[in-house]
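A.B. asks: See query-v3.txt below, with compact mmCIF, C-alpha atoms and all ligand atoms.
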# COMPACT_ATOMS: atom_id res chain seq x y z
CA MET A 1 68.26 54.51 23.57
CA ILE A 2 68.06 50.86 22.48
CA LEU A 3 71.83 50.71 22.63
CA ILE A 4 71.88 52.04 26.20
CA ILE A 5 69.21 49.52 27.28
CA PHE A 6 71.18 46.71 25.65
CA ILE A 7 74.39 47.74 27.40
CA TYR A 8 72.64 48.14 30.74
CA LEU A 9 70.92 44.75 30.51
CA SER A 10 74.05 42.94 29.43
CA LEU A 11 76.00 44.47 32.30
CA SER A 12 73.41 43.86 34.97
CA LEU A 13 73.41 40.20 34.03
CA VAL A 14 77.15 39.95 34.39
CA ASP A 15 78.59 38.27 37.43
CA LYS A 16 79.09 40.93 40.09
CA ALA A 17 81.57 38.86 42.07
CA ILE A 18 84.51 41.17 41.51
CA TYR A 19 84.16 44.65 42.91
CA LYS A 20 84.44 47.17 40.10
CA ILE A 21 85.62 50.76 40.37
CA GLY A 22 84.85 52.86 37.30
CA LEU A 23 87.63 55.41 36.88
CA THR A 24 86.73 58.40 34.76
CA GLY A 25 87.67 62.02 34.09
CA GLY A 26 88.26 64.38 31.21
CA ILE A 27 91.20 64.25 28.84
CA GLY A 28 94.43 65.06 30.67
CA SER A 29 92.83 64.84 34.11
CA GLY A 30 95.26 62.07 35.05
CA LYS A 31 93.37 58.78 34.50
CA SER A 32 96.37 56.91 33.07
CA THR A 33 98.61 58.23 35.83
CA VAL A 34 96.09 57.18 38.47
CA ALA A 35 95.63 53.76 36.84
CA GLN A 36 99.40 53.24 36.88
CA ILE A 37 99.60 54.01 40.61
CA PHE A 38 96.74 51.59 41.38
CA SER A 39 98.47 49.02 39.19
CA ASN A 40 101.68 49.46 41.23
CA LEU A 41 99.58 48.54 44.27
CA GLY A 42 98.64 45.27 42.55
CA VAL A 43 95.17 46.30 41.37
CA PRO A 44 94.16 44.94 37.95
CA ILE A 45 93.45 47.66 35.40
CA ILE A 46 91.09 47.22 32.48
CA ASP A 47 91.28 50.08 30.02
CA ALA A 48 88.42 50.80 27.62
CA ASP A 49 90.66 52.83 25.30
CA ILE A 50 93.11 49.96 24.86
CA ILE A 51 90.22 47.58 24.19
CA ALA A 52 88.74 50.02 21.65
CA ARG A 53 92.05 50.18 19.80
CA GLU A 54 92.39 46.39 19.72
CA LEU A 55 88.84 46.01 18.40
CA VAL A 56 89.62 48.02 15.27
CA ALA A 57 92.92 46.32 14.47
CA PRO A 58 93.20 44.94 10.91
CA ASN A 59 91.03 41.86 10.27
CA GLN A 60 88.81 42.44 13.30
CA PRO A 61 85.05 42.10 12.59
CA ALA A 62 84.39 45.58 14.05
CA LEU A 63 86.74 47.12 11.50
CA ALA A 64 84.93 45.35 8.67
CA GLU A 65 81.63 46.81 9.94
CA ILE A 66 83.14 50.28 10.13
CA VAL A 67 84.34 49.98 6.53
CA GLN A 68 80.87 48.83 5.48
CA ILE A 69 79.36 52.01 6.86
CA PHE A 70 82.08 54.57 6.20
CA SER A 71 83.67 52.97 3.07
CA SER A 72 87.31 52.00 2.67
CA GLU A 73 88.25 55.68 2.81
CA VAL A 74 88.67 55.17 6.56
CA LEU A 75 91.63 52.84 5.93
CA ASP A 76 95.15 53.88 5.08
CA SER A 77 97.19 52.16 2.35
CA LYS A 78 98.12 49.34 4.77
CA GLY A 79 94.52 48.63 5.75
CA VAL A 80 94.91 50.29 9.15
CA LEU A 81 92.09 52.46 10.48
CA ASN A 82 92.80 56.15 10.05
CA ARG A 83 91.41 57.25 13.42
CA GLN A 84 91.88 60.94 12.79
CA TYR A 85 89.92 60.74 9.53
CA LEU A 86 87.15 58.77 11.25
CA HIS A 87 86.98 61.33 14.06
CA GLN A 88 86.59 64.11 11.53
CA LYS A 89 83.80 62.17 9.84
CA ILE A 90 81.78 61.73 13.01
CA PHE A 91 82.59 65.06 14.65
CA SER A 92 79.80 67.01 12.99
CA ASN A 93 77.59 64.07 12.00
CA LYS A 94 75.47 62.75 14.87
CA GLN A 95 74.01 59.86 12.89
CA ALA A 96 77.45 58.63 11.85
CA LYS A 97 78.62 58.93 15.47
CA LYS A 98 75.67 56.82 16.61
CA GLU A 99 76.41 54.17 14.01
CA LEU A 100 80.03 53.98 15.07
CA GLU A 101 79.04 53.73 18.73
CA ALA A 102 76.59 50.94 17.93
CA ILE A 103 79.48 48.95 16.48
CA LEU A 104 81.99 49.66 19.21
CA HIS A 105 80.28 50.17 22.56
CA PRO A 106 78.64 46.74 23.00
CA ARG A 107 81.91 45.06 22.04
CA ILE A 108 83.95 47.23 24.40
CA ILE A 109 81.60 46.47 27.28
CA LYS A 110 81.60 42.76 26.56
CA GLU A 111 85.39 42.68 26.55
CA ILE A 112 85.67 44.79 29.73
CA TYR A 113 83.52 42.27 31.58
CA HIS A 114 85.24 39.31 30.01
CA GLN A 115 88.53 40.64 31.37
CA ALA A 116 87.01 41.51 34.76
CA ARG A 117 85.72 37.95 35.19
CA GLN A 118 89.26 36.65 34.83
CA TYR A 119 90.22 38.38 38.07
CA MET A 120 87.35 36.92 40.04
CA ARG A 121 88.49 35.12 43.19
CA ILE A 122 92.08 36.21 42.44
CA LYS A 123 91.82 39.92 43.21
CA PRO A 124 89.48 41.78 45.59
CA TYR A 125 88.67 44.56 43.16
CA CYS A 126 89.59 45.95 39.78
CA ILE A 127 89.70 49.36 38.14
CA LEU A 128 87.85 49.92 34.88
CA VAL A 129 89.27 52.97 33.13
CA ILE A 130 86.34 54.28 31.10
CA PRO A 131 86.88 57.87 29.93
CA LEU A 132 83.30 58.17 28.64
CA LEU A 133 81.65 56.26 31.49
CA LEU A 134 78.97 58.91 32.00
CA GLU A 135 78.61 59.87 28.35
CA ILE A 136 77.66 56.30 27.45
CA GLY A 137 75.51 55.67 30.51
CA LEU A 138 77.52 53.06 32.42
CA GLU A 139 77.00 54.54 35.89
CA LYS A 140 74.98 51.58 37.14
CA SER A 141 77.39 49.01 35.77
CA VAL A 142 80.15 49.63 38.26
CA ASP A 143 80.11 49.46 42.05
CA ARG A 144 81.63 52.90 42.52
CA ILE A 145 82.58 55.81 40.33
CA LEU A 146 85.96 57.40 40.97
CA VAL A 147 86.42 60.74 39.22
CA VAL A 148 89.77 62.42 38.68
CA ASP A 149 89.19 66.10 39.12
CA VAL A 150 91.46 68.83 37.86
CA PRO A 151 90.86 72.51 37.09
CA GLU A 152 90.26 73.03 33.38
CA SER A 153 93.25 75.36 33.00
CA LEU A 154 95.61 72.69 34.38
CA GLN A 155 93.93 70.00 32.27
CA PHE A 156 94.55 72.17 29.22
CA GLU A 157 98.16 72.80 30.20
CA ARG A 158 98.92 69.11 30.81
CA VAL A 159 97.34 67.97 27.53
CA LYS A 160 99.23 70.64 25.63
CA LYS A 161 102.51 69.50 27.16
CA ARG A 162 101.77 65.79 26.69
CA ASP A 163 100.25 65.75 23.18
CA GLU A 164 101.46 69.05 21.74
CA PHE A 165 97.97 69.61 20.37
CA PRO A 166 96.95 73.10 19.24
CA ASN A 167 94.47 74.92 21.52
CA GLU A 168 91.61 74.46 19.07
CA LYS A 169 92.02 70.70 19.03
CA ILE A 170 92.04 70.48 22.82
CA LYS A 171 88.94 72.66 22.96
CA SER A 172 87.14 70.46 20.43
CA ILE A 173 87.92 67.33 22.47
CA LEU A 174 86.74 68.99 25.69
CA TYR A 175 83.56 70.01 23.89
CA THR A 176 82.65 66.35 23.18
CA GLN A 177 83.15 65.33 26.83
CA CYS A 178 80.67 65.92 29.62
CA SER A 179 81.30 68.76 32.06
CA GLN A 180 83.35 68.24 35.17
CA ALA A 181 80.36 69.43 37.23
CA LEU A 182 78.29 66.56 35.84
CA ARG A 183 81.08 64.10 36.52
CA LEU A 184 81.41 65.29 40.09
CA SER A 185 77.67 65.01 40.65
CA ALA A 186 77.86 61.34 39.63
CA ALA A 187 81.04 60.59 41.59
CA ASP A 188 81.12 58.37 44.66
CA ASP A 189 84.78 59.20 45.15
CA CYS A 190 87.06 61.90 43.85
CA LEU A 191 90.80 62.36 43.40
CA ILE A 192 91.91 65.98 43.27
CA ASN A 193 94.85 66.01 40.91
CA ASN A 194 95.98 69.62 41.10
CA GLN A 195 99.23 69.00 42.95
CA ASP A 196 102.28 66.80 42.58
CA LEU A 197 102.38 63.04 42.03
CA ILE A 198 103.23 62.31 45.66
CA THR A 199 100.03 64.03 46.79
CA LEU A 200 98.09 62.07 44.19
CA ALA A 201 99.64 58.78 45.32
CA GLU A 202 98.72 59.54 48.95
CA GLN A 203 95.08 59.98 48.01
CA ILE A 204 95.19 56.77 45.97
CA ASN A 205 96.67 54.84 48.89
CA CYS A 206 93.74 55.91 51.06
CA TYR A 207 91.20 54.86 48.42
CA HIS A 208 93.02 51.56 47.94
CA GLN A 209 92.57 50.71 51.63
CA TYR A 210 88.95 51.81 51.46
CA TYR A 211 88.21 49.71 48.35
CA LEU A 212 89.86 46.67 49.92
CA SER A 213 87.54 47.00 52.91
CA LEU A 214 84.47 47.51 50.71
CA ALA A 215 85.37 44.56 48.51
CA LYS A 216 85.79 42.36 51.58
CA ALA A 217 82.41 43.41 52.92
P1 LIG B 1 94.51 61.15 31.02
O1 LIG B 1 94.85 59.68 31.00
O2 LIG B 1 93.35 61.47 31.90
O3 LIG B 1 94.36 61.76 29.65
P2 LIG B 1 97.24 61.45 31.99
O4 LIG B 1 97.32 60.51 33.14
O5 LIG B 1 97.90 61.02 30.71
O6 LIG B 1 95.74 61.92 31.71
O7 LIG B 1 97.85 62.85 32.49
C1 LIG B 1 98.00 63.93 31.57
C2 LIG B 1 99.42 64.46 31.66
O8 LIG B 1 99.58 65.09 32.92
C3 LIG B 1 100.49 63.38 31.57
O9 LIG B 1 101.59 63.88 30.86
C4 LIG B 1 100.85 63.13 33.03
O10 LIG B 1 102.19 62.70 33.18
C5 LIG B 1 100.64 64.50 33.65
N1 LIG B 1 100.22 64.45 35.05
C6 LIG B 1 99.16 63.79 35.56
N2 LIG B 1 99.04 64.00 36.88
C7 LIG B 1 100.05 64.83 37.23
C8 LIG B 1 100.49 65.43 38.45
N3 LIG B 1 99.85 65.22 39.62
N4 LIG B 1 101.58 66.21 38.41
C9 LIG B 1 102.24 66.44 37.27
N5 LIG B 1 101.89 65.92 36.06
C10 LIG B 1 100.81 65.13 36.04
Can you give me the file's structure in the form of C-alpha cells?
Ligand code: ADP
C.D. replies:
Amino acid sequence: MILIIFIYLSLSLVDKAIYKIGLTGGIGSGKSTVAQIFSNLGVPIIDADIIARELVAPNQPALAEIVQIFSSEVLDSKGVLNRQYLHQKIFSNKQAKKELEAILHPRIIKEIYHQARQYMRIKPYCILVIPLLLEIGLEKSVDRILVVDVPESLQFERVKKRDEFPNEKIKSILYTQCSQALRLSAADDCLINNQDLITLAEQINCYHQYYLSLAKA
C-alpha cells in the first residue's frame, strides 16, 4: 500500500507536459509489435521491461539490494542476475515478491518519467509500454490506457511459437497477470490483435491520428 501511494505521489508530481499513452496487455498479446509500429510512425517508446533489465545489470545499486535480500545465490558465476532463479524464488512467496517490487518499481517509474521528460516539447506524445500497468496501480499516471486485446487461445499459440515455452510455463505466467476482462474495463482504447499485421497497423494509424489531436488539444 505504502509503495503504491509513493508511486502515485511521485507520478502525480511529475511534469505532465508530454502526453502519455500507457500500452499494456498480457504476455504475447502483441505489445512489442504494437510499440514497433508506433515507433515507425515516429512516436517515442519507453519500455518498462527494458528499464527493469538495465536496473539489475552488474554493479547497479538495485542489484546490490536484491543480493542483500535474496543472497548471492541469485547471481551466476559471472555476477549476472539469474532471472529464472529469482522468479522461482518469488513465485510462491508473496513477501519476497513484495520486497523485490519495493526495490524495482519506484526505480522503474522514476526512469520512465526521466525518459519521458526528455521528449517534452520535441514530440507530441509518447508510448509507455508497461506490461503490469494495472497490476502495479499506474492507471492514474498516464493520460490514456491502450490495451492490446487478443483471445487467450491465440495469445497462448503466439507465445508458444515465439518462446517455445512448455504449456505449464505459459499458464503460470498468465496466472500472475491480471485478467483480460479487468484490463478491458480499465482501457480507454483497445487494439484487437486477432488478425494479420496489416489490420493491426491500420488500427494503430487511426489511434496515432487520434493521439496527435488529443496531444495538441
Ligand atoms: P508481447 O510483447 O505482448 O509479449 P509480441 O509483440 O512479442 O507480444 O507478440 C507475440 C508474438 O506474436 C510475436 O512473435 C509476434 O511477432 C507475434 N504477433 C503479434 N501480433 C501478430 C499478428 N497480428 N499477426 C501475427 N503474429 C503476430
A.B. asks: Restrict the calculation to only C-alpha atoms, then for each residue of region 112-160 of chain A with any atom at most 7 Å from an atom of region 178-200 of chain A give the closest atom pair and their distance in Å to one decimal, rows by chain and rising residue number, as a tab-separated table.
C.D. replies:
residue	atom	partner	partner_atom	distance
A:Glu135	CA	A:Cys178	CA	6.5
A:Arg144	CA	A:Asp188	CA	5.9
A:Ile145	CA	A:Ala187	CA	5.2
A:Leu146	CA	A:Asp189	CA	4.7
A:Val147	CA	A:Cys190	CA	4.8
A:Val148	CA	A:Leu191	CA	4.8
A:Asp149	CA	A:Ile192	CA	5.0
A:Val150	CA	A:Asn193	CA	5.4
A.B. asks: Which chains and residue numbers are within 12 Å of ligand LIG 1 (chain B), counting all atoms listed in the file, if I want them as an mmCIF file with C-alpha atoms, keeping the file's coordinate frame?
C.D. replies:
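Here's the written file out34.cif:
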data_model
loop_
_atom_site.group_PDB
_atom_site.id
_atom_site.type_symbol
_atom_site.label_atom_id
_atom_site.label_comp_id
_atom_site.auth_asym_id
_atom_site.auth_seq_id
_atom_site.Cartn_x
_atom_site.Cartn_y
_atom_site.Cartn_z
ATOM 1 C CA LEU A 23 87.630 55.410 36.880
ATOM 2 C CA THR A 24 86.730 58.400 34.760
ATOM 3 C CA GLY A 25 87.670 62.020 34.090
ATOM 4 C CA GLY A 26 88.260 64.380 31.210
ATOM 5 C CA ILE A 27 91.200 64.250 28.840
ATOM 6 C CA GLY A 28 94.430 65.060 30.670
ATOM 7 C CA SER A 29 92.830 64.840 34.110
ATOM 8 C CA GLY A 30 95.260 62.070 35.050
ATOM 9 C CA LYS A 31 93.370 58.780 34.500
ATOM 10 C CA SER A 32 96.370 56.910 33.070
ATOM 11 C CA THR A 33 98.610 58.230 35.830
ATOM 12 C CA VAL A 34 96.090 57.180 38.470
ATOM 13 C CA ALA A 35 95.630 53.760 36.840
ATOM 14 C CA GLN A 36 99.400 53.240 36.880
ATOM 15 C CA ILE A 37 99.600 54.010 40.610
ATOM 16 C CA ASP A 47 91.280 50.080 30.020
ATOM 17 C CA ALA A 48 88.420 50.800 27.620
ATOM 18 C CA ASP A 49 90.660 52.830 25.300
ATOM 19 C CA ILE A 50 93.110 49.960 24.860
ATOM 20 C CA VAL A 129 89.270 52.970 33.130
ATOM 21 C CA ILE A 130 86.340 54.280 31.100
ATOM 22 C CA PRO A 131 86.880 57.870 29.930
ATOM 23 C CA LEU A 132 83.300 58.170 28.640
ATOM 24 C CA VAL A 147 86.420 60.740 39.220
ATOM 25 C CA VAL A 148 89.770 62.420 38.680
ATOM 26 C CA ASP A 149 89.190 66.100 39.120
ATOM 27 C CA VAL A 150 91.460 68.830 37.860
ATOM 28 C CA PRO A 151 90.860 72.510 37.090
ATOM 29 C CA LEU A 154 95.610 72.690 34.380
ATOM 30 C CA GLN A 155 93.930 70.000 32.270
ATOM 31 C CA PHE A 156 94.550 72.170 29.220
ATOM 32 C CA GLU A 157 98.160 72.800 30.200
ATOM 33 C CA ARG A 158 98.920 69.110 30.810
ATOM 34 C CA VAL A 159 97.340 67.970 27.530
ATOM 35 C CA LYS A 160 99.230 70.640 25.630
ATOM 36 C CA LYS A 161 102.510 69.500 27.160
ATOM 37 C CA ARG A 162 101.770 65.790 26.690
ATOM 38 C CA ASP A 163 100.250 65.750 23.180
ATOM 39 C CA GLU A 164 101.460 69.050 21.740
ATOM 40 C CA ILE A 170 92.040 70.480 22.820
ATOM 41 C CA ILE A 173 87.920 67.330 22.470
ATOM 42 C CA LEU A 174 86.740 68.990 25.690
ATOM 43 C CA LEU A 191 90.800 62.360 43.400
ATOM 44 C CA ILE A 192 91.910 65.980 43.270
ATOM 45 C CA ASN A 193 94.850 66.010 40.910
ATOM 46 C CA ASN A 194 95.980 69.620 41.100
ATOM 47 C CA GLN A 195 99.230 69.000 42.950
ATOM 48 C CA ASP A 196 102.280 66.800 42.580
ATOM 49 C CA LEU A 197 102.380 63.040 42.030
ATOM 50 C CA ILE A 198 103.230 62.310 45.660
ATOM 51 C CA THR A 199 100.030 64.030 46.790
ATOM 52 C CA LEU A 200 98.090 62.070 44.190
ATOM 53 C CA ALA A 201 99.640 58.780 45.320
ATOM 54 C CA GLU A 202 98.720 59.540 48.950
ATOM 55 C CA GLN A 203 95.080 59.980 48.010
ATOM 56 C CA ILE A 204 95.190 56.770 45.970
#
A.B. asks: Go through A:Pro166, A:Glu152, A:Tyr125, A:Thr176 and flag the residue nearest Ala217 (chain A), using only C-alpha atoms for the distances.
C.D. replies: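 Among A:Pro166, A:Glu152, A:Tyr125, A:Thr176, it is A:Tyr125 that comes nearest to Ala217 (chain A).
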A.B. asks: Mind pulling up the distance from CA of Asn82 (chain A) to CA of His114 (chain A)?
C.D. replies: 27.2 Å
A.B. asks: Report, in Å to a single decimal, how far apart CA of Gly79 (chain A) and CA of Lys97 (chain A) are.
C.D. replies: 21.3 Å
A.B. asks: Could you work out how far CA of Leu214 (chain A) lies from CA of Ser39 (chain A), giving the answer in Å with one decimal?
C.D. replies: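 Pair CA of Ser39 (chain A) / CA of Leu214 (chain A) returns 18.2 Å.
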A.B. asks: Give me the residues within 6 Å of region 56-58 of chain A as a ChimeraX atom specification, counting all atoms listed in the file and dropping any in the same chain fewer than 4 places off.
C.D. replies: /A:62-63,80
A.B. asks: Skipping near chain neighbours, those fewer than 4 positions away, what residues fall within 12 Å of Cys126 (chain A) using only C-alpha atoms, listed as JSON, numbers by chain?
C.D. replies: {"A": [16, 17, 18, 19, 20, 21, 22, 23, 35, 38, 39, 41, 42, 43, 44, 45, 46, 47, 112, 113, 115, 116, 117, 118, 119, 120, 121, 122, 142, 143, 144, 208, 211, 212, 215]}
A.B. asks: For Ile69 (chain A), which residue out of A:Ile136, A:Arg53, A:Ile103, A:Gln88 is the nearest one, using all atoms listed in the file?
C.D. replies: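 Result for the nearest residue to Ile69 (chain A): A:Ile103.
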A.B. asks: Enclose all atoms of region 144-154 of chain A listed in the file in an axis-aligned box, grow every side by 3 Å, and hand back centre and edge lengths in Å to one decimal, as AutoDock Vina command-line options.
C.D. replies:
--center_x 88.6 --center_y 64.1 --center_z 37.8 --size_x 20.0 --size_y 28.5 --size_z 15.5
A.B. asks: Could you check the closest approach to Lys110 (chain A) for each of A:Cys206, A:Leu55, A:Ser172, A:Gln68 and tell me which residue wins, using only C-alpha atoms?
C.D. replies: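 Ranked by minimum distance to Lys110 (chain A), first place goes to A:Leu55.
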A.B. asks: Given only C-alpha atoms as the basis, pick out the residue of A:Asn93, A:Ala64, A:Ile109, A:Glu54 nearest to Gly137 (chain A).
C.D. replies: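 The answer is A:Ile109, which sits nearest to Gly137 (chain A).
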A.B. asks: Please produce region 16-52 of chain A, completed to N, CA and C atoms, as an mmCIF file, in the coordinates of the input.
C.D. replies:
data_model
loop_
_atom_site.group_PDB
_atom_site.id
_atom_site.type_symbol
_atom_site.label_atom_id
_atom_site.label_comp_id
_atom_site.auth_asym_id
_atom_site.auth_seq_id
_atom_site.Cartn_x
_atom_site.Cartn_y
_atom_site.Cartn_z
ATOM 1 N N LYS A 16 78.626 39.754 39.362
ATOM 2 C CA LYS A 16 79.090 40.930 40.090
ATOM 3 C C LYS A 16 80.138 40.538 41.137
ATOM 4 N N ALA A 17 80.715 39.350 41.008
ATOM 5 C CA ALA A 17 81.570 38.860 42.070
ATOM 6 C C ALA A 17 82.819 39.701 42.288
ATOM 7 N N ILE A 18 83.341 40.322 41.251
ATOM 8 C CA ILE A 18 84.510 41.170 41.510
ATOM 9 C C ILE A 18 84.032 42.617 41.645
ATOM 10 N N TYR A 19 84.548 43.259 42.657
ATOM 11 C CA TYR A 19 84.160 44.650 42.910
ATOM 12 C C TYR A 19 84.782 45.534 41.843
ATOM 13 N N LYS A 20 83.957 46.394 41.249
ATOM 14 C CA LYS A 20 84.440 47.170 40.100
ATOM 15 C C LYS A 20 84.385 48.670 40.382
ATOM 16 N N ILE A 21 85.546 49.305 40.220
ATOM 17 C CA ILE A 21 85.620 50.760 40.370
ATOM 18 C C ILE A 21 85.725 51.351 38.962
ATOM 19 N N GLY A 22 84.787 52.187 38.598
ATOM 20 C CA GLY A 22 84.850 52.860 37.300
ATOM 21 C C GLY A 22 85.627 54.155 37.451
ATOM 22 N N LEU A 23 86.781 54.211 36.787
ATOM 23 C CA LEU A 23 87.630 55.410 36.880
ATOM 24 C C LEU A 23 87.390 56.281 35.656
ATOM 25 N N THR A 24 87.022 57.526 35.905
ATOM 26 C CA THR A 24 86.730 58.400 34.760
ATOM 27 C C THR A 24 87.224 59.817 35.039
ATOM 28 N N GLY A 25 87.184 60.641 34.002
ATOM 29 C CA GLY A 25 87.670 62.020 34.090
ATOM 30 C C GLY A 25 87.916 62.514 32.683
ATOM 31 N N GLY A 26 88.048 63.804 32.534
ATOM 32 C CA GLY A 26 88.260 64.380 31.210
ATOM 33 C C GLY A 26 89.661 64.081 30.685
ATOM 34 N N ILE A 27 89.871 64.427 29.438
ATOM 35 C CA ILE A 27 91.200 64.250 28.840
ATOM 36 C C ILE A 27 92.231 65.037 29.670
ATOM 37 N N GLY A 28 93.355 64.380 29.952
ATOM 38 C CA GLY A 28 94.430 65.060 30.670
ATOM 39 C C GLY A 28 94.184 65.242 32.153
ATOM 40 N N SER A 29 93.095 64.668 32.674
ATOM 41 C CA SER A 29 92.830 64.840 34.110
ATOM 42 C C SER A 29 93.798 63.997 34.947
ATOM 43 N N GLY A 30 94.296 62.909 34.336
ATOM 44 C CA GLY A 30 95.260 62.070 35.050
ATOM 45 C C GLY A 30 94.819 60.619 35.192
ATOM 46 N N LYS A 31 93.886 60.171 34.370
ATOM 47 C CA LYS A 31 93.370 58.780 34.500
ATOM 48 C C LYS A 31 94.489 57.747 34.347
ATOM 49 N N SER A 32 95.314 57.908 33.308
ATOM 50 C CA SER A 32 96.370 56.910 33.070
ATOM 51 C C SER A 32 97.371 56.916 34.216
ATOM 52 N N THR A 33 97.666 58.111 34.711
ATOM 53 C CA THR A 33 98.610 58.230 35.830
ATOM 54 C C THR A 33 98.028 57.540 37.066
ATOM 55 N N VAL A 34 96.759 57.795 37.318
ATOM 56 C CA VAL A 34 96.090 57.180 38.470
ATOM 57 C C VAL A 34 96.054 55.658 38.309
ATOM 58 N N ALA A 35 95.712 55.208 37.104
ATOM 59 C CA ALA A 35 95.630 53.760 36.840
ATOM 60 C C ALA A 35 96.991 53.112 37.098
ATOM 61 N N GLN A 36 98.053 53.796 36.687
ATOM 62 C CA GLN A 36 99.400 53.240 36.880
ATOM 63 C C GLN A 36 99.719 53.103 38.364
ATOM 64 N N ILE A 37 99.301 54.079 39.162
ATOM 65 C CA ILE A 37 99.600 54.010 40.610
ATOM 66 C C ILE A 37 98.795 52.879 41.263
ATOM 67 N N PHE A 38 97.529 52.733 40.863
ATOM 68 C CA PHE A 38 96.740 51.590 41.380
ATOM 69 C C PHE A 38 97.390 50.273 40.941
ATOM 70 N N SER A 39 97.846 50.245 39.716
ATOM 71 C CA SER A 39 98.470 49.020 39.190
ATOM 72 C C SER A 39 99.714 48.673 40.024
ATOM 73 N N ASN A 40 100.485 49.699 40.398
ATOM 74 C CA ASN A 40 101.680 49.460 41.230
ATOM 75 C C ASN A 40 101.305 48.869 42.584
ATOM 76 N N LEU A 41 100.050 49.103 42.995
ATOM 77 C CA LEU A 41 99.580 48.540 44.270
ATOM 78 C C LEU A 41 99.006 47.132 44.065
ATOM 79 N N GLY A 42 99.092 46.641 42.837
ATOM 80 C CA GLY A 42 98.640 45.270 42.550
ATOM 81 C C GLY A 42 97.196 45.171 42.091
ATOM 82 N N VAL A 43 96.583 46.319 41.788
ATOM 83 C CA VAL A 43 95.170 46.300 41.370
ATOM 84 C C VAL A 43 95.098 46.085 39.859
ATOM 85 N N PRO A 44 94.279 45.127 39.393
ATOM 86 C CA PRO A 44 94.160 44.940 37.950
ATOM 87 C C PRO A 44 93.460 46.123 37.283
ATOM 88 N N ILE A 45 93.994 46.512 36.143
ATOM 89 C CA ILE A 45 93.450 47.660 35.400
ATOM 90 C C ILE A 45 92.899 47.170 34.069
ATOM 91 N N ILE A 46 91.689 47.555 33.783
ATOM 92 C CA ILE A 46 91.090 47.220 32.480
ATOM 93 C C ILE A 46 90.761 48.552 31.806
ATOM 94 N N ASP A 47 91.336 48.756 30.644
ATOM 95 C CA ASP A 47 91.280 50.080 30.020
ATOM 96 C C ASP A 47 90.444 50.054 28.752
ATOM 97 N N ALA A 48 89.339 50.804 28.769
ATOM 98 C CA ALA A 48 88.420 50.800 27.620
ATOM 99 C C ALA A 48 89.075 51.328 26.343
ATOM 100 N N ASP A 49 90.009 52.274 26.497
ATOM 101 C CA ASP A 49 90.660 52.830 25.300
ATOM 102 C C ASP A 49 91.552 51.787 24.621
ATOM 103 N N ILE A 50 92.237 51.002 25.438
ATOM 104 C CA ILE A 50 93.110 49.960 24.860
ATOM 105 C C ILE A 50 92.236 48.925 24.147
ATOM 106 N N ILE A 51 91.137 48.556 24.804
ATOM 107 C CA ILE A 51 90.220 47.580 24.190
ATOM 108 C C ILE A 51 89.691 48.131 22.869
ATOM 109 N N ALA A 52 89.299 49.410 22.873
ATOM 110 C CA ALA A 52 88.740 50.020 21.650
ATOM 111 C C ALA A 52 89.756 49.967 20.519
#
